file work-v7.txt (compact mmCIF, C-alpha atoms)
# COMPACT_ATOMS: atom_id res chain seq x y z
CA MET A 1 148.67 3.26 3.54
CA LYS A 2 151.86 1.80 5.10
CA HIS A 3 155.11 3.76 4.87
CA VAL A 4 158.87 3.28 4.90
CA ALA A 5 159.22 2.76 8.67
CA ASP A 6 156.83 -0.20 8.72
CA PRO A 7 158.81 -3.51 8.87
CA SER A 8 156.04 -5.32 7.00
CA VAL A 9 156.73 -3.12 3.96
CA TRP A 10 160.39 -4.23 3.89
CA LEU A 11 159.34 -7.85 4.43
CA MET A 12 157.08 -7.50 1.41
CA ILE A 13 159.84 -5.85 -0.65
CA GLY A 14 162.22 -8.67 0.37
CA THR A 15 159.68 -11.29 -0.69
CA ILE A 16 159.19 -9.61 -4.09
CA VAL A 17 162.97 -9.34 -4.64
CA VAL A 18 163.68 -12.99 -3.70
CA LEU A 19 160.85 -14.31 -5.89
CA ALA A 20 161.78 -12.04 -8.83
CA THR A 21 165.45 -13.04 -8.63
CA ALA A 22 164.60 -16.75 -8.42
CA GLY A 23 162.30 -16.30 -11.42
CA ASP A 24 164.83 -14.35 -13.52
CA VAL A 25 167.68 -16.76 -12.80
CA SER A 26 165.53 -19.83 -13.47
CA LEU A 27 164.23 -18.40 -16.76
CA ALA A 28 167.72 -17.34 -17.87
CA GLY A 29 169.08 -20.81 -16.99
CA ALA A 30 166.23 -22.47 -18.86
CA MET A 31 166.66 -20.35 -22.00
CA ARG A 32 170.42 -20.92 -21.98
CA HIS A 33 169.80 -24.67 -21.76
CA ILE A 34 167.21 -24.60 -24.55
CA GLY A 35 169.43 -22.58 -26.89
CA ASP A 36 168.86 -19.71 -29.31
CA PHE A 37 165.09 -19.30 -29.55
CA ASP A 38 165.31 -17.84 -33.06
CA ASP A 39 167.22 -20.91 -34.32
CA ILE A 40 164.72 -23.33 -32.76
CA ARG A 41 161.80 -21.39 -34.23
CA ALA A 42 163.44 -21.34 -37.66
CA HIS A 43 164.03 -25.08 -37.50
CA SER A 44 160.98 -26.44 -35.68
CA GLY A 45 158.45 -23.64 -36.10
CA MET A 46 156.72 -21.66 -33.36
CA ILE A 47 154.91 -24.77 -32.03
CA GLY A 48 158.18 -26.67 -31.71
CA ALA A 49 159.82 -23.71 -29.99
CA ILE A 50 156.95 -23.35 -27.50
CA ARG A 51 157.04 -27.11 -26.85
CA ALA A 52 160.79 -26.99 -26.16
CA VAL A 53 160.25 -24.18 -23.65
CA LEU A 54 157.24 -25.73 -21.90
CA LYS A 55 159.02 -29.07 -21.41
CA ASN A 56 161.78 -27.42 -19.38
CA PHE A 57 161.34 -27.77 -15.60
CA ARG A 58 163.49 -24.72 -14.83
CA PHE A 59 161.28 -22.62 -17.09
CA LEU A 60 158.12 -23.78 -15.27
CA PHE A 61 159.72 -23.07 -11.87
CA GLY A 62 160.79 -19.64 -13.13
CA VAL A 63 157.28 -18.85 -14.32
CA LEU A 64 155.87 -19.91 -10.93
CA CYS A 65 158.32 -17.61 -9.11
CA MET A 66 157.57 -14.72 -11.49
CA ALA A 67 153.82 -15.23 -11.03
CA LEU A 68 154.19 -15.23 -7.23
CA SER A 69 156.39 -12.13 -7.45
CA PHE A 70 153.79 -10.43 -9.65
CA PHE A 71 150.94 -11.14 -7.22
CA ALA A 72 153.12 -10.09 -4.27
CA LEU A 73 153.78 -6.78 -6.08
CA LEU A 74 150.09 -6.30 -6.86
CA PHE A 75 149.27 -6.99 -3.22
CA ALA A 76 151.96 -4.61 -1.97
CA LEU A 77 150.94 -1.84 -4.38
CA SER A 78 147.42 -1.93 -3.00
CA TRP A 79 148.39 -1.14 0.63
CA ALA A 80 151.93 0.22 0.66
CA ASP A 81 153.40 3.44 -0.66
CA VAL A 82 153.79 2.80 -4.41
CA SER A 83 156.65 5.29 -4.67
CA LEU A 84 158.62 3.12 -2.23
CA VAL A 85 157.67 -0.47 -3.11
CA ALA A 86 158.00 -0.33 -6.92
CA PRO A 87 161.41 1.40 -7.17
CA ALA A 88 162.90 -0.33 -4.11
CA SER A 89 161.99 -3.81 -5.32
CA ALA A 90 163.09 -3.03 -8.91
CA ALA A 91 166.40 -1.50 -7.82
CA LEU A 92 167.27 -4.26 -5.35
CA THR A 93 166.41 -6.92 -7.94
CA PHE A 94 169.13 -5.51 -10.26
CA VAL A 95 171.77 -6.11 -7.59
CA THR A 96 170.53 -9.53 -6.40
CA ASN A 97 170.27 -10.64 -10.04
CA ALA A 98 173.90 -9.65 -10.66
CA PHE A 99 175.03 -11.75 -7.67
CA ALA A 100 172.81 -14.68 -8.65
CA ALA A 101 173.91 -14.54 -12.30
CA LYS A 102 177.56 -14.60 -11.24
CA TRP A 103 177.31 -17.48 -8.78
CA ILE A 104 174.45 -19.57 -10.13
CA LEU A 105 174.53 -18.97 -13.90
CA LYS A 106 178.34 -18.51 -13.94
CA GLU A 107 177.99 -15.39 -16.09
CA ASN A 108 181.08 -13.26 -16.54
CA VAL A 109 179.93 -10.28 -14.47
CA ASP A 110 182.88 -7.99 -15.09
CA ARG A 111 183.45 -4.47 -13.75
CA ARG A 112 181.49 -2.98 -16.65
CA ARG A 113 178.38 -4.99 -15.70
CA TRP A 114 178.71 -4.29 -11.97
CA PHE A 115 179.02 -0.60 -12.75
CA ALA A 116 175.96 -0.77 -15.01
CA ALA A 117 173.93 -2.65 -12.36
CA VAL A 118 174.84 -0.13 -9.64
CA CYS A 119 174.17 2.87 -11.96
CA VAL A 120 170.76 1.51 -12.93
CA CYS A 121 169.93 0.61 -9.30
CA LEU A 122 170.74 4.15 -8.09
CA GLY A 123 169.06 5.66 -11.15
CA VAL A 124 165.83 3.77 -10.51
CA LEU A 125 165.81 5.00 -6.90
CA LEU A 126 166.39 8.62 -7.96
CA ILE A 127 163.94 8.60 -10.84
CA SER A 128 161.15 7.40 -8.58
CA ARG A 129 161.51 10.22 -6.05
CA MET B 130 182.45 -13.08 -24.02
CA GLN B 131 181.05 -12.35 -27.44
CA SER B 132 178.66 -9.81 -28.90
CA THR B 133 175.97 -11.31 -31.10
CA LEU B 134 173.62 -8.36 -31.40
CA THR B 135 171.97 -7.79 -34.76
CA PHE B 136 169.47 -5.07 -35.68
CA ARG B 137 166.61 -7.51 -35.07
CA ARG B 138 167.95 -8.29 -31.61
CA TYR B 139 168.15 -4.60 -30.76
CA LEU B 140 164.47 -4.41 -31.75
CA VAL B 141 163.69 -7.22 -29.27
CA LEU B 142 165.44 -5.21 -26.52
CA VAL B 143 163.40 -2.12 -27.46
CA ALA B 144 160.19 -4.23 -27.35
CA ILE B 145 161.13 -5.35 -23.81
CA MET B 146 161.55 -1.71 -22.73
CA LEU B 147 158.27 -0.51 -24.22
CA THR B 148 156.03 -3.39 -23.14
CA ALA B 149 157.42 -3.46 -19.57
CA SER B 150 157.10 0.31 -19.08
CA PHE B 151 153.61 0.70 -20.49
CA GLY B 152 152.44 -2.61 -18.97
CA ASP B 153 153.48 -1.52 -15.46
CA THR B 154 151.89 1.91 -15.95
CA PHE B 155 148.57 0.42 -17.09
CA LEU B 156 148.57 -2.03 -14.15
CA SER B 157 149.25 0.80 -11.73
CA ILE B 158 146.30 2.81 -13.09
CA GLY B 159 144.05 -0.27 -12.89
CA MET B 160 145.06 -1.23 -9.34
CA ARG B 161 144.37 2.31 -8.11
CA GLN B 162 140.77 1.81 -9.24
CA ILE B 163 140.44 -1.25 -6.95
CA GLY B 164 141.90 0.34 -3.86
CA PRO B 165 143.61 -1.45 -0.95
CA VAL B 166 143.48 -5.28 -1.00
CA SER B 167 143.43 -6.99 2.40
CA ILE B 168 145.48 -10.16 2.98
CA HIS B 169 142.25 -11.77 4.21
CA HIS B 170 140.48 -11.03 0.92
CA LEU B 171 143.05 -11.97 -1.69
CA SER B 172 140.23 -13.18 -3.93
CA SER B 173 139.52 -9.52 -4.65
CA LEU B 174 142.69 -9.56 -6.76
CA LEU B 175 140.69 -11.66 -9.23
CA LEU B 176 138.29 -8.74 -9.59
CA ALA B 177 141.21 -6.77 -10.98
CA MET B 178 141.00 -8.92 -14.11
CA ARG B 179 137.72 -7.19 -14.99
CA ILE B 180 139.33 -3.78 -15.23
CA PRO B 181 140.34 -2.83 -18.81
CA TRP B 182 143.54 -1.10 -17.66
CA VAL B 183 144.62 -4.27 -15.83
CA LEU B 184 143.75 -6.43 -18.85
CA ALA B 185 145.71 -4.14 -21.19
CA GLY B 186 148.61 -4.18 -18.72
CA VAL B 187 148.55 -7.98 -18.53
CA ALA B 188 148.45 -8.24 -22.37
CA LEU B 189 151.48 -5.93 -22.65
CA LEU B 190 153.32 -7.88 -19.96
CA MET B 191 152.67 -11.12 -21.86
CA GLY B 192 154.33 -9.49 -24.87
CA PHE B 193 157.16 -8.43 -22.56
CA PHE B 194 157.55 -12.01 -21.36
CA ALA B 195 157.83 -13.42 -24.90
CA ALA B 196 160.43 -10.79 -25.88
CA TYR B 197 162.31 -11.26 -22.58
CA LEU B 198 162.57 -15.04 -23.06
CA THR B 199 163.79 -14.54 -26.62
CA ALA B 200 166.49 -12.13 -25.43
CA LEU B 201 167.59 -14.49 -22.64
CA SER B 202 168.17 -17.24 -25.21
CA TRP B 203 170.99 -15.23 -26.85
CA ALA B 204 172.18 -12.82 -24.14
CA ASP B 205 173.19 -12.92 -20.47
CA LEU B 206 170.76 -11.94 -17.72
CA THR B 207 173.26 -9.31 -16.51
CA PHE B 208 173.23 -7.81 -20.02
CA VAL B 209 169.48 -7.92 -20.70
CA LEU B 210 168.36 -6.34 -17.41
CA PRO B 211 170.47 -3.15 -17.51
CA ALA B 212 170.15 -2.86 -21.31
CA THR B 213 166.36 -2.76 -21.08
CA SER B 214 166.19 -0.44 -18.06
CA PHE B 215 166.01 2.55 -20.41
CA GLY B 216 162.24 2.11 -20.16
CA TYR B 217 162.37 3.94 -16.81
CA VAL B 218 163.91 6.92 -18.60
CA LEU B 219 161.26 6.70 -21.30
CA ILE B 220 158.46 6.94 -18.77
CA ALA B 221 160.11 9.92 -17.04
CA LEU B 222 160.55 11.71 -20.38
CA LEU B 223 156.94 10.95 -21.38
CA SER B 224 155.71 12.38 -18.09
CA LYS B 225 157.78 15.51 -18.68
CA PHE B 226 157.03 16.24 -22.34
CA TRP B 227 153.60 14.62 -22.81
CA LEU B 228 151.93 14.92 -19.41
CA HIS B 229 153.91 18.08 -18.56
CA ASP B 230 154.73 16.76 -15.07
CA PRO B 231 157.56 18.57 -13.33
CA VAL B 232 160.83 16.59 -13.36
CA SER B 233 163.01 17.28 -10.32
CA LEU B 234 166.79 17.50 -10.27
CA ALA B 235 166.91 14.07 -8.59
CA ARG B 236 164.93 12.61 -11.47
CA TRP B 237 167.27 14.12 -14.06
CA ALA B 238 170.17 12.64 -12.07
CA GLY B 239 168.39 9.26 -12.16
CA ILE B 240 167.89 9.55 -15.92
CA LEU B 241 171.59 10.33 -16.34
CA LEU B 242 172.65 7.36 -14.19
CA ILE B 243 170.38 4.87 -16.00
CA THR B 244 171.53 6.17 -19.39
CA LEU B 245 175.13 5.80 -18.23
CA GLY B 246 174.49 2.23 -17.06
CA VAL B 247 172.70 1.27 -20.30
CA GLY B 248 175.47 2.85 -22.38
CA PHE B 249 178.13 0.98 -20.42
CA VAL B 250 176.55 -2.46 -20.64
CA THR B 251 175.47 -2.27 -24.29
CA ARG B 252 178.99 -1.34 -25.40
CA GLY B 253 180.24 -4.60 -23.91
CA PRO B 254 179.74 -8.22 -24.92
CA SER B 255 176.25 -9.65 -24.54
CA TYR B 256 176.91 -13.32 -23.95
CA THR B 257 179.20 -15.52 -21.82
CA PRO B 258 180.03 -18.72 -23.71
CA HIS B 259 179.96 -21.85 -21.55
CA ALA B 260 181.18 -25.39 -22.08
CA PRO B 261 178.75 -26.98 -24.56
CA THR B 262 175.92 -28.88 -22.90
CA GLU B 263 173.41 -31.18 -24.51
CA PRO B 264 170.73 -28.97 -26.14
CA ALA B 265 167.16 -29.50 -24.96
CA THR B 266 165.90 -29.95 -28.53
CA PRO B 267 167.08 -33.22 -30.13
CA VAL B 268 166.82 -31.67 -33.62
CA LEU B 269 169.41 -29.09 -32.69
CA ALA B 270 171.75 -31.61 -31.05
CA GLY B 271 173.10 -32.58 -34.44
CA GLN B 272 173.56 -28.93 -35.37
CA ALA B 273 175.39 -28.24 -32.09
CA SER B 274 177.77 -31.15 -32.47
CA ALA B 275 178.43 -30.26 -36.12
CA GLN B 276 179.11 -26.66 -35.07
CA ALA B 277 181.43 -27.84 -32.28
CA GLU B 278 183.33 -30.01 -34.76
CA GLY B 279 183.55 -27.02 -37.08
CA ASP B 280 184.89 -24.85 -34.25
CA LEU B 281 187.56 -27.42 -33.41
CA SER B 282 188.73 -27.83 -36.97
call {"tool": "encode", "arguments": {"input": "work-v7.txt", "output": "structure tokens"}}
result
Amino acid sequence: MKHVADPSVWLMIGTIVVLATAGDVSLAGAMRHIGDFDDIRAHSGMIGAIRAVLKNFRFLFGVLCMALSFFALLFALSWADVSLVAPASAALTFVTNAFAAKWILKENVDRRRWFAAVCVCLGVLLISR
Amino acid sequence: MQSTLTFRRYLVLVAIMLTASFGDTFLSIGMRQIGPVSIHHLSSLLLAMRIPWVLAGVALLMGFFAAYLTALSWADLTFVLPATSFGYVLIALLSKFWLHDPVSLARWAGILLITLGVGFVTRGPSYTPHAPTEPATPVLAGQASAQAEGDLS
């Protein structure tokens, strides 16, 4: 079992965070482009809604990144300290997502949201101790 | 920014919390049964799909994914992520009151911080309106333009 001092653990955590952030931002961008899912489903039915989602390239890229992030996490959980990898990658993803949402998705990340992201990030680290 | 949260949308956020928390827990139990996976034998990850805990975890995470996509279609990423992080608190409380695990002071501090963060973000607006772009679904294009005309008038 590898521990906190091993650089390969942090490389693995970095990989998970980058892939998860790319996946989250791509999916959020895709769903924003597609529009309110409830409205599409009400108008075109579930099949039409699924078709609208599956035709979106950003969605497919997001799913690929999320899948790679998922397998990277599974891989990491099998040989690294679970109490380090899971909370560290989850907590760091909150912060990287806030930066990515602000600069890539142009979301209005105000002080309230930064405060929430930092609180949750620290909370996740503490709760996993 | 505007808040467009209805009771049904709050239920979607709760579904995200529950499916993510229990899905991750089930996966963790299942992966412990496999043991360490070497980078030279990644194919052994496929064996994980035969373990019921992993299958149940994957099923829950598929439900999470559907609810997550739905939420992202009407709320910002920086709203959905903190708002649904209460699942971490749920798991800690379950371990305390159901499994009777000891909860340290640090964990209670973590619960307090996450609750604070969730409370902060959910009291604010959920969506950042952007300049209208062409909707991906042609059927809704007419609706969008009609709505835009209505907004201008």
call {"tool": "interface_residues", "arguments": {"input": "work-v7.txt", "of": "chain A", "to": "chain B", "cutoff": "6 Å", "atoms": "all atoms listed in the file", "output": "PyMOL selection string"}}
result
chain A and resi 28+31-32+34-37+78-79+98+107+113+116+119-120+123+126-127
call {"tool": "closest_residue", "arguments": {"input": "work-v7.txt", "among": "A:Ala117, A:Ala80, A:Asp38, A:Ser8", "to": "A:Thr96", "atoms": "all atoms listed in the file"}}
result
A:Ala117
call {"tool": "residues_near_point", "arguments": {"input": "work-v7.txt", "point": "(169.2, -7.2, -5.9)", "cutoff": "12 Å", "atoms": "all atoms listed in the file", "output": "ChimeraX atom specification"}}
result
/A:13-22,24-25,87-101,114,117-118,120-122 /B:207,210
call {"tool": "write_last_selection", "arguments": {"input": "work-v7.txt", "atoms": "C-alpha atoms", "output": "PDB file, keeping the file's coordinate frame"}}
result
ATOM      1  CA  ILE A  13     159.840  -5.850  -0.650  1.00  0.00           C
ATOM      2  CA  GLY A  14     162.220  -8.670   0.370  1.00  0.00           C
ATOM      3  CA  THR A  15     159.680 -11.290  -0.690  1.00  0.00           C
ATOM      4  CA  ILE A  16     159.190  -9.610  -4.090  1.00  0.00           C
ATOM      5  CA  VAL A  17     162.970  -9.340  -4.640  1.00  0.00           C
ATOM      6  CA  VAL A  18     163.680 -12.990  -3.700  1.00  0.00           C
ATOM      7  CA  LEU A  19     160.850 -14.310  -5.890  1.00  0.00           C
ATOM      8  CA  ALA A  20     161.780 -12.040  -8.830  1.00  0.00           C
ATOM      9  CA  THR A  21     165.450 -13.040  -8.630  1.00  0.00           C
ATOM     10  CA  ALA A  22     164.600 -16.750  -8.420  1.00  0.00           C
ATOM     11  CA  ASP A  24     164.830 -14.350 -13.520  1.00  0.00           C
ATOM     12  CA  VAL A  25     167.680 -16.760 -12.800  1.00  0.00           C
ATOM     13  CA  PRO A  87     161.410   1.400  -7.170  1.00  0.00           C
ATOM     14  CA  ALA A  88     162.900  -0.330  -4.110  1.00  0.00           C
ATOM     15  CA  SER A  89     161.990  -3.810  -5.320  1.00  0.00           C
ATOM     16  CA  ALA A  90     163.090  -3.030  -8.910  1.00  0.00           C
ATOM     17  CA  ALA A  91     166.400  -1.500  -7.820  1.00  0.00           C
ATOM     18  CA  LEU A  92     167.270  -4.260  -5.350  1.00  0.00           C
ATOM     19  CA  THR A  93     166.410  -6.920  -7.940  1.00  0.00           C
ATOM     20  CA  PHE A  94     169.130  -5.510 -10.260  1.00  0.00           C
ATOM     21  CA  VAL A  95     171.770  -6.110  -7.590  1.00  0.00           C
ATOM     22  CA  THR A  96     170.530  -9.530  -6.400  1.00  0.00           C
ATOM     23  CA  ASN A  97     170.270 -10.640 -10.040  1.00  0.00           C
ATOM     24  CA  ALA A  98     173.900  -9.650 -10.660  1.00  0.00           C
ATOM     25  CA  PHE A  99     175.030 -11.750  -7.670  1.00  0.00           C
ATOM     26  CA  ALA A 100     172.810 -14.680  -8.650  1.00  0.00           C
ATOM     27  CA  ALA A 101     173.910 -14.540 -12.300  1.00  0.00           C
ATOM     28  CA  TRP A 114     178.710  -4.290 -11.970  1.00  0.00           C
ATOM     29  CA  ALA A 117     173.930  -2.650 -12.360  1.00  0.00           C
ATOM     30  CA  VAL A 118     174.840  -0.130  -9.640  1.00  0.00           C
ATOM     31  CA  VAL A 120     170.760   1.510 -12.930  1.00  0.00           C
ATOM     32  CA  CYS A 121     169.930   0.610  -9.300  1.00  0.00           C
ATOM     33  CA  LEU A 122     170.740   4.150  -8.090  1.00  0.00           C
TER      34      LEU A 122
ATOM     35  CA  THR B 207     173.260  -9.310 -16.510  1.00  0.00           C
ATOM     36  CA  LEU B 210     168.360  -6.340 -17.410  1.00  0.00           C
TER      37      LEU B 210
END
call {"tool": "closest_residue", "arguments": {"input": "work-v7.txt", "among": "A:Leu60, A:Val109, A:Ala76, A:Leu125", "to": "A:Gly29", "atoms": "all atoms listed in the file"}}
result
A:Leu60
call {"tool": "atom_distance", "arguments": {"input": "work-v7.txt", "atom1": "atom CA of B:Ala149", "atom2": "atom CA of A:Gly62"}}
result
17.7 Å
call {"tool": "closest_residue", "arguments": {"input": "work-v7.txt", "among": "B:Leu222, B:Leu176, B:Ala185, B:Ala196", "to": "B:Thr154", "atoms": "only C-alpha atoms"}}
result
B:Ala185
call {"tool": "axis_aligned_box", "arguments": {"input": "work-v7.txt", "around": "stretch 5-24 of chain A", "padding_each_side": "8 Å", "output": "lines of an AutoDock Vina configuration file"}}
result
center_x = 160.7
center_y = -7.0
center_z = -2.3
size_x = 25.4
size_y = 35.5
size_z = 38.4
call {"tool": "atom_distance", "arguments": {"input": "work-v7.txt", "atom1": "atom CA of B:Met178", "atom2": "atom CA of B:Gly192"}}
result
17.1 Å
call {"tool": "atom_distance", "arguments": {"input": "work-v7.txt", "atom1": "atom CA of A:Trp10", "atom2": "atom CA of A:Leu74"}}
result
15.0 Å
call {"tool": "closest_residue", "arguments": {"input": "work-v7.txt", "among": "A:Ile40, A:Leu68, A:Ala30, A:Leu77", "to": "A:Leu54", "atoms": "all atoms listed in the file"}}
result
A:Ala30
call {"tool": "decode", "arguments": {"input": "work-v7.txt", "residues": "stretch 83-110 of chain A", "atoms": "N, CA and C atoms", "output": "PDB file, in the first residue's frame"}}
result
ATOM      1  N   SER A  83      -7.892   6.428   2.298  1.00  0.00           N
ATOM      2  CA  SER A  83      -8.250   7.593   3.103  1.00  0.00           C
ATOM      3  C   SER A  83      -7.509   8.841   2.644  1.00  0.00           C
ATOM      4  N   LEU A  84      -6.545   8.681   1.746  1.00  0.00           N
ATOM      5  CA  LEU A  84      -5.860   9.832   1.164  1.00  0.00           C
ATOM      6  C   LEU A  84      -6.401  10.133  -0.234  1.00  0.00           C
ATOM      7  N   VAL A  85      -6.454   9.110  -1.097  1.00  0.00           N
ATOM      8  CA  VAL A  85      -6.781   9.331  -2.509  1.00  0.00           C
ATOM      9  C   VAL A  85      -8.202   9.861  -2.691  1.00  0.00           C
ATOM     10  N   ALA A  86      -9.192   9.214  -2.053  1.00  0.00           N
ATOM     11  CA  ALA A  86     -10.588   9.602  -2.281  1.00  0.00           C
ATOM     12  C   ALA A  86     -10.864  11.041  -1.819  1.00  0.00           C
ATOM     13  N   PRO A  87     -10.541  11.398  -0.549  1.00  0.00           N
ATOM     14  CA  PRO A  87     -10.840  12.768  -0.136  1.00  0.00           C
ATOM     15  C   PRO A  87      -9.979  13.817  -0.834  1.00  0.00           C
ATOM     16  N   ALA A  88      -8.695  13.505  -1.067  1.00  0.00           N
ATOM     17  CA  ALA A  88      -7.819  14.497  -1.702  1.00  0.00           C
ATOM     18  C   ALA A  88      -8.287  14.806  -3.116  1.00  0.00           C
ATOM     19  N   SER A  89      -8.628  13.764  -3.874  1.00  0.00           N
ATOM     20  CA  SER A  89      -9.073  14.012  -5.252  1.00  0.00           C
ATOM     21  C   SER A  89     -10.435  14.710  -5.260  1.00  0.00           C
ATOM     22  N   ALA A  90     -11.331  14.325  -4.342  1.00  0.00           N
ATOM     23  CA  ALA A  90     -12.655  14.966  -4.299  1.00  0.00           C
ATOM     24  C   ALA A  90     -12.532  16.436  -3.903  1.00  0.00           C
ATOM     25  N   ALA A  91     -11.702  16.706  -2.880  1.00  0.00           N
ATOM     26  CA  ALA A  91     -11.578  18.077  -2.385  1.00  0.00           C
ATOM     27  C   ALA A  91     -10.924  18.979  -3.437  1.00  0.00           C
ATOM     28  N   LEU A  92      -9.832  18.481  -4.050  1.00  0.00           N
ATOM     29  CA  LEU A  92      -9.147  19.304  -5.047  1.00  0.00           C
ATOM     30  C   LEU A  92     -10.033  19.558  -6.263  1.00  0.00           C
ATOM     31  N   THR A  93     -10.887  18.583  -6.602  1.00  0.00           N
ATOM     32  CA  THR A  93     -11.766  18.750  -7.764  1.00  0.00           C
ATOM     33  C   THR A  93     -12.759  19.902  -7.540  1.00  0.00           C
ATOM     34  N   PHE A  94     -13.186  20.122  -6.281  1.00  0.00           N
ATOM     35  CA  PHE A  94     -14.089  21.251  -6.000  1.00  0.00           C
ATOM     36  C   PHE A  94     -13.431  22.575  -6.383  1.00  0.00           C
ATOM     37  N   VAL A  95     -12.146  22.716  -6.033  1.00  0.00           N
ATOM     38  CA  VAL A  95     -11.455  23.976  -6.296  1.00  0.00           C
ATOM     39  C   VAL A  95     -11.160  24.127  -7.794  1.00  0.00           C
ATOM     40  N   THR A  96     -10.629  23.073  -8.424  1.00  0.00           N
ATOM     41  CA  THR A  96     -10.302  23.178  -9.857  1.00  0.00           C
ATOM     42  C   THR A  96     -11.573  23.406 -10.687  1.00  0.00           C
ATOM     43  N   ASN A  97     -12.689  22.808 -10.235  1.00  0.00           N
ATOM     44  CA  ASN A  97     -13.952  23.024 -10.952  1.00  0.00           C
ATOM     45  C   ASN A  97     -14.409  24.477 -10.844  1.00  0.00           C
ATOM     46  N   ALA A  98     -14.183  25.090  -9.675  1.00  0.00           N
ATOM     47  CA  ALA A  98     -14.589  26.490  -9.507  1.00  0.00           C
ATOM     48  C   ALA A  98     -13.791  27.382 -10.465  1.00  0.00           C
ATOM     49  N   PHE A  99     -12.464  27.132 -10.555  1.00  0.00           N
ATOM     50  CA  PHE A  99     -11.634  27.910 -11.492  1.00  0.00           C
ATOM     51  C   PHE A  99     -12.074  27.666 -12.939  1.00  0.00           C
ATOM     52  N   ALA A 100     -12.270  26.390 -13.276  1.00  0.00           N
ATOM     53  CA  ALA A 100     -12.635  26.052 -14.659  1.00  0.00           C
ATOM     54  C   ALA A 100     -14.010  26.623 -15.013  1.00  0.00           C
ATOM     55  N   ALA A 101     -14.948  26.571 -14.062  1.00  0.00           N
ATOM     56  CA  ALA A 101     -16.294  27.097 -14.343  1.00  0.00           C
ATOM     57  C   ALA A 101     -16.237  28.603 -14.565  1.00  0.00           C
ATOM     58  N   LYS A 102     -15.373  29.266 -13.813  1.00  0.00           N
ATOM     59  CA  LYS A 102     -15.271  30.731 -13.957  1.00  0.00           C
ATOM     60  C   LYS A 102     -14.662  31.110 -15.303  1.00  0.00           C
ATOM     61  N   TRP A 103     -13.578  30.438 -15.683  1.00  0.00           N
ATOM     62  CA  TRP A 103     -12.845  30.863 -16.882  1.00  0.00           C
ATOM     63  C   TRP A 103     -13.310  30.173 -18.166  1.00  0.00           C
ATOM     64  N   ILE A 104     -13.779  28.971 -18.062  1.00  0.00           N
ATOM     65  CA  ILE A 104     -14.195  28.272 -19.293  1.00  0.00           C
ATOM     66  C   ILE A 104     -15.702  28.419 -19.520  1.00  0.00           C
ATOM     67  N   LEU A 105     -16.497  28.174 -18.474  1.00  0.00           N
ATOM     68  CA  LEU A 105     -17.955  28.241 -18.634  1.00  0.00           C
ATOM     69  C   LEU A 105     -18.507  29.649 -18.414  1.00  0.00           C
ATOM     70  N   LYS A 106     -17.625  30.570 -17.970  1.00  0.00           N
ATOM     71  CA  LYS A 106     -18.023  31.964 -17.703  1.00  0.00           C
ATOM     72  C   LYS A 106     -19.147  32.052 -16.676  1.00  0.00           C
ATOM     73  N   GLU A 107     -19.125  31.146 -15.691  1.00  0.00           N
ATOM     74  CA  GLU A 107     -20.125  31.215 -14.629  1.00  0.00           C
ATOM     75  C   GLU A 107     -19.773  32.363 -13.677  1.00  0.00           C
ATOM     76  N   ASN A 108     -20.796  32.926 -13.081  1.00  0.00           N
ATOM     77  CA  ASN A 108     -20.575  34.005 -12.128  1.00  0.00           C
ATOM     78  C   ASN A 108     -20.218  33.389 -10.768  1.00  0.00           C
ATOM     79  N   VAL A 109     -18.908  33.121 -10.592  1.00  0.00           N
ATOM     80  CA  VAL A 109     -18.456  32.515  -9.335  1.00  0.00           C
ATOM     81  C   VAL A 109     -18.169  33.660  -8.363  1.00  0.00           C
ATOM     82  N   ASP A 110     -19.208  34.029  -7.621  1.00  0.00           N
ATOM     83  CA  ASP A 110     -19.067  35.156  -6.693  1.00  0.00           C
ATOM     84  C   ASP A 110     -18.444  34.686  -5.373  1.00  0.00           C
TER      85      ASP A 110
END
